[in-house]
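Chemist: Below is a structure I'd like to ask you about.
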Amino acid sequence: MKTTIIALSALLLASPVFAATTTDNTVAEAHKGADTAKEKLHKTQHEGEEMKLKAKHAAEGESNSTSSKISEGTQETWHKTKEGTEKGWDKTKQGAEELKNKATN
């Protein structure tokens, strides 16, 4: 009986640790899913903007001109830079959130 009570007490004391680990893993998976969804959304938006610019150049009869190719390349580079910055910022926010959670637990 005494062994059972000790084992049960140890289990109850350890349960918050298991809950915190499970919560951390759940939050990490949620962040990963959100990041993937955001990346797909932005990729689709950027492809739409690039197609719109190409269509504009085609309508103006400049689809193969040097200036239109530079403009399209610049837009594509800008989108990649913006996506990279957003990924970095998201990782920074998630890291800060993890540190905050560890400090408060």
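Just remember, in the structure tokens the first chain shown is A, the second B, etc., residues are 1-based per chain, and ligands are 1-based in the order shown.
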Taking 5 positions as the minimum chain separation for residues in the same chain, which residues sit within 9 Å of range 28-37 of chain A when counting only C-alpha atoms? Answer as a list in words.

Modeler: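 Residues meeting the cut-off are Thr23, His42, Lys87, Asp90 and Gln94 of chain A.
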
Chemist: Nearest to Glu76 in chain A among A:Trp89, A:Glu49, A:Glu60, A:Gly95, with distances taken over only C-alpha atoms: which residue is it?

Modeler: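 Among A:Trp89, A:Glu49, A:Glu60, A:Gly95, it is A:Glu49 that comes nearest to Glu76 in chain A.
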
Chemist: For each of A:Val27, A:Glu86, A:Ser67, A:Glu72, take the minimum atom-to-atom distance to Asn101 in chain A, counting only C-alpha atoms, then give the residue where this is smallest.

Modeler: A:Val27

Chemist: Can you tell me which residues surround Gln75 in chain A at a distance of at most 9 Å, considering only C-alpha atoms, apart from same-chain residues fewer than 4 positions away, and format the answer as a list in words?

Modeler: His46, Glu49, Glu50, Leu53, Ile70, Ser71, His79 and Lys80 of chain A

Chemist: Print the selection's residues with N, CA, C and O atoms to a file, as a PDB file, in the first residue's frame.

Modeler:
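Result written to result-v7.pdb:
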ATOM      1  N   HIS A  46       2.176  35.675 -54.978  1.00  0.00           N
ATOM      2  CA  HIS A  46       3.281  36.205 -55.770  1.00  0.00           C
ATOM      3  C   HIS A  46       3.223  35.720 -57.208  1.00  0.00           C
ATOM      4  O   HIS A  46       3.501  36.484 -58.139  1.00  0.00           O
ATOM      5  N   GLU A  49       0.717  37.887 -58.904  1.00  0.00           N
ATOM      6  CA  GLU A  49       1.244  39.218 -59.202  1.00  0.00           C
ATOM      7  C   GLU A  49       2.209  39.175 -60.377  1.00  0.00           C
ATOM      8  O   GLU A  49       2.204  40.073 -61.232  1.00  0.00           O
ATOM      9  N   GLU A  50       3.040  38.132 -60.427  1.00  0.00           N
ATOM     10  CA  GLU A  50       3.995  38.005 -61.531  1.00  0.00           C
ATOM     11  C   GLU A  50       3.269  37.768 -62.857  1.00  0.00           C
ATOM     12  O   GLU A  50       3.646  38.335 -63.884  1.00  0.00           O
ATOM     13  N   LEU A  53       1.807  41.061 -64.009  1.00  0.00           N
ATOM     14  CA  LEU A  53       2.820  41.931 -64.599  1.00  0.00           C
ATOM     15  C   LEU A  53       3.192  41.456 -66.004  1.00  0.00           C
ATOM     16  O   LEU A  53       3.317  42.263 -66.932  1.00  0.00           O
ATOM     17  N   ILE A  70      13.671  42.773 -66.896  1.00  0.00           N
ATOM     18  CA  ILE A  70      14.292  43.315 -65.671  1.00  0.00           C
ATOM     19  C   ILE A  70      13.220  43.564 -64.619  1.00  0.00           C
ATOM     20  O   ILE A  70      13.390  43.212 -63.452  1.00  0.00           O
ATOM     21  N   SER A  71      12.108  44.148 -65.035  1.00  0.00           N
ATOM     22  CA  SER A  71      11.017  44.435 -64.110  1.00  0.00           C
ATOM     23  C   SER A  71      10.471  43.150 -63.484  1.00  0.00           C
ATOM     24  O   SER A  71      10.254  43.076 -62.268  1.00  0.00           O
ATOM     25  N   HIS A  79       9.971  39.413 -54.077  1.00  0.00           N
ATOM     26  CA  HIS A  79       9.097  38.461 -53.393  1.00  0.00           C
ATOM     27  C   HIS A  79       9.919  37.448 -52.597  1.00  0.00           C
ATOM     28  O   HIS A  79       9.575  37.116 -51.460  1.00  0.00           O
ATOM     29  N   LYS A  80      11.002  36.967 -53.164  1.00  0.00           N
ATOM     30  CA  LYS A  80      11.850  36.010 -52.449  1.00  0.00           C
ATOM     31  C   LYS A  80      12.483  36.652 -51.220  1.00  0.00           C
ATOM     32  O   LYS A  80      12.574  36.029 -50.155  1.00  0.00           O
TER      33      LYS A  80
END

Chemist: Could you state the separation of CA of Asp24 in chain A and CA of Ala96 in chain A in Å, given to one decimal place?

Modeler: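 Taking CA of Asp24 in chain A as the start and CA of Ala96 in chain A as the end point, the length is 13.4 Å.
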
Chemist: How far is it from CA of Glu83 in chain A to CA of Glu98 in chain A, in Å with one decimal?

Modeler: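 CA of Glu83 in chain A sits 22.4 Å away from CA of Glu98 in chain A.
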
Chemist: When you draw a straight line from CA of Ser68 in chain A to CA of Lys38 in chain A, how long is it in Å?

Modeler: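 We find that CA of Ser68 in chain A and CA of Lys38 in chain A lie 28.6 Å from each other.
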
Chemist: Choose the residue, out of A:Lys43, A:Lys93, A:Lys54, A:Lys82, that has the smallest atom-to-atom separation from Lys69 in chain A; count only C-alpha atoms.

Modeler: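 Checking each candidate against Lys69 in chain A, we get A:Lys54 as the closest.
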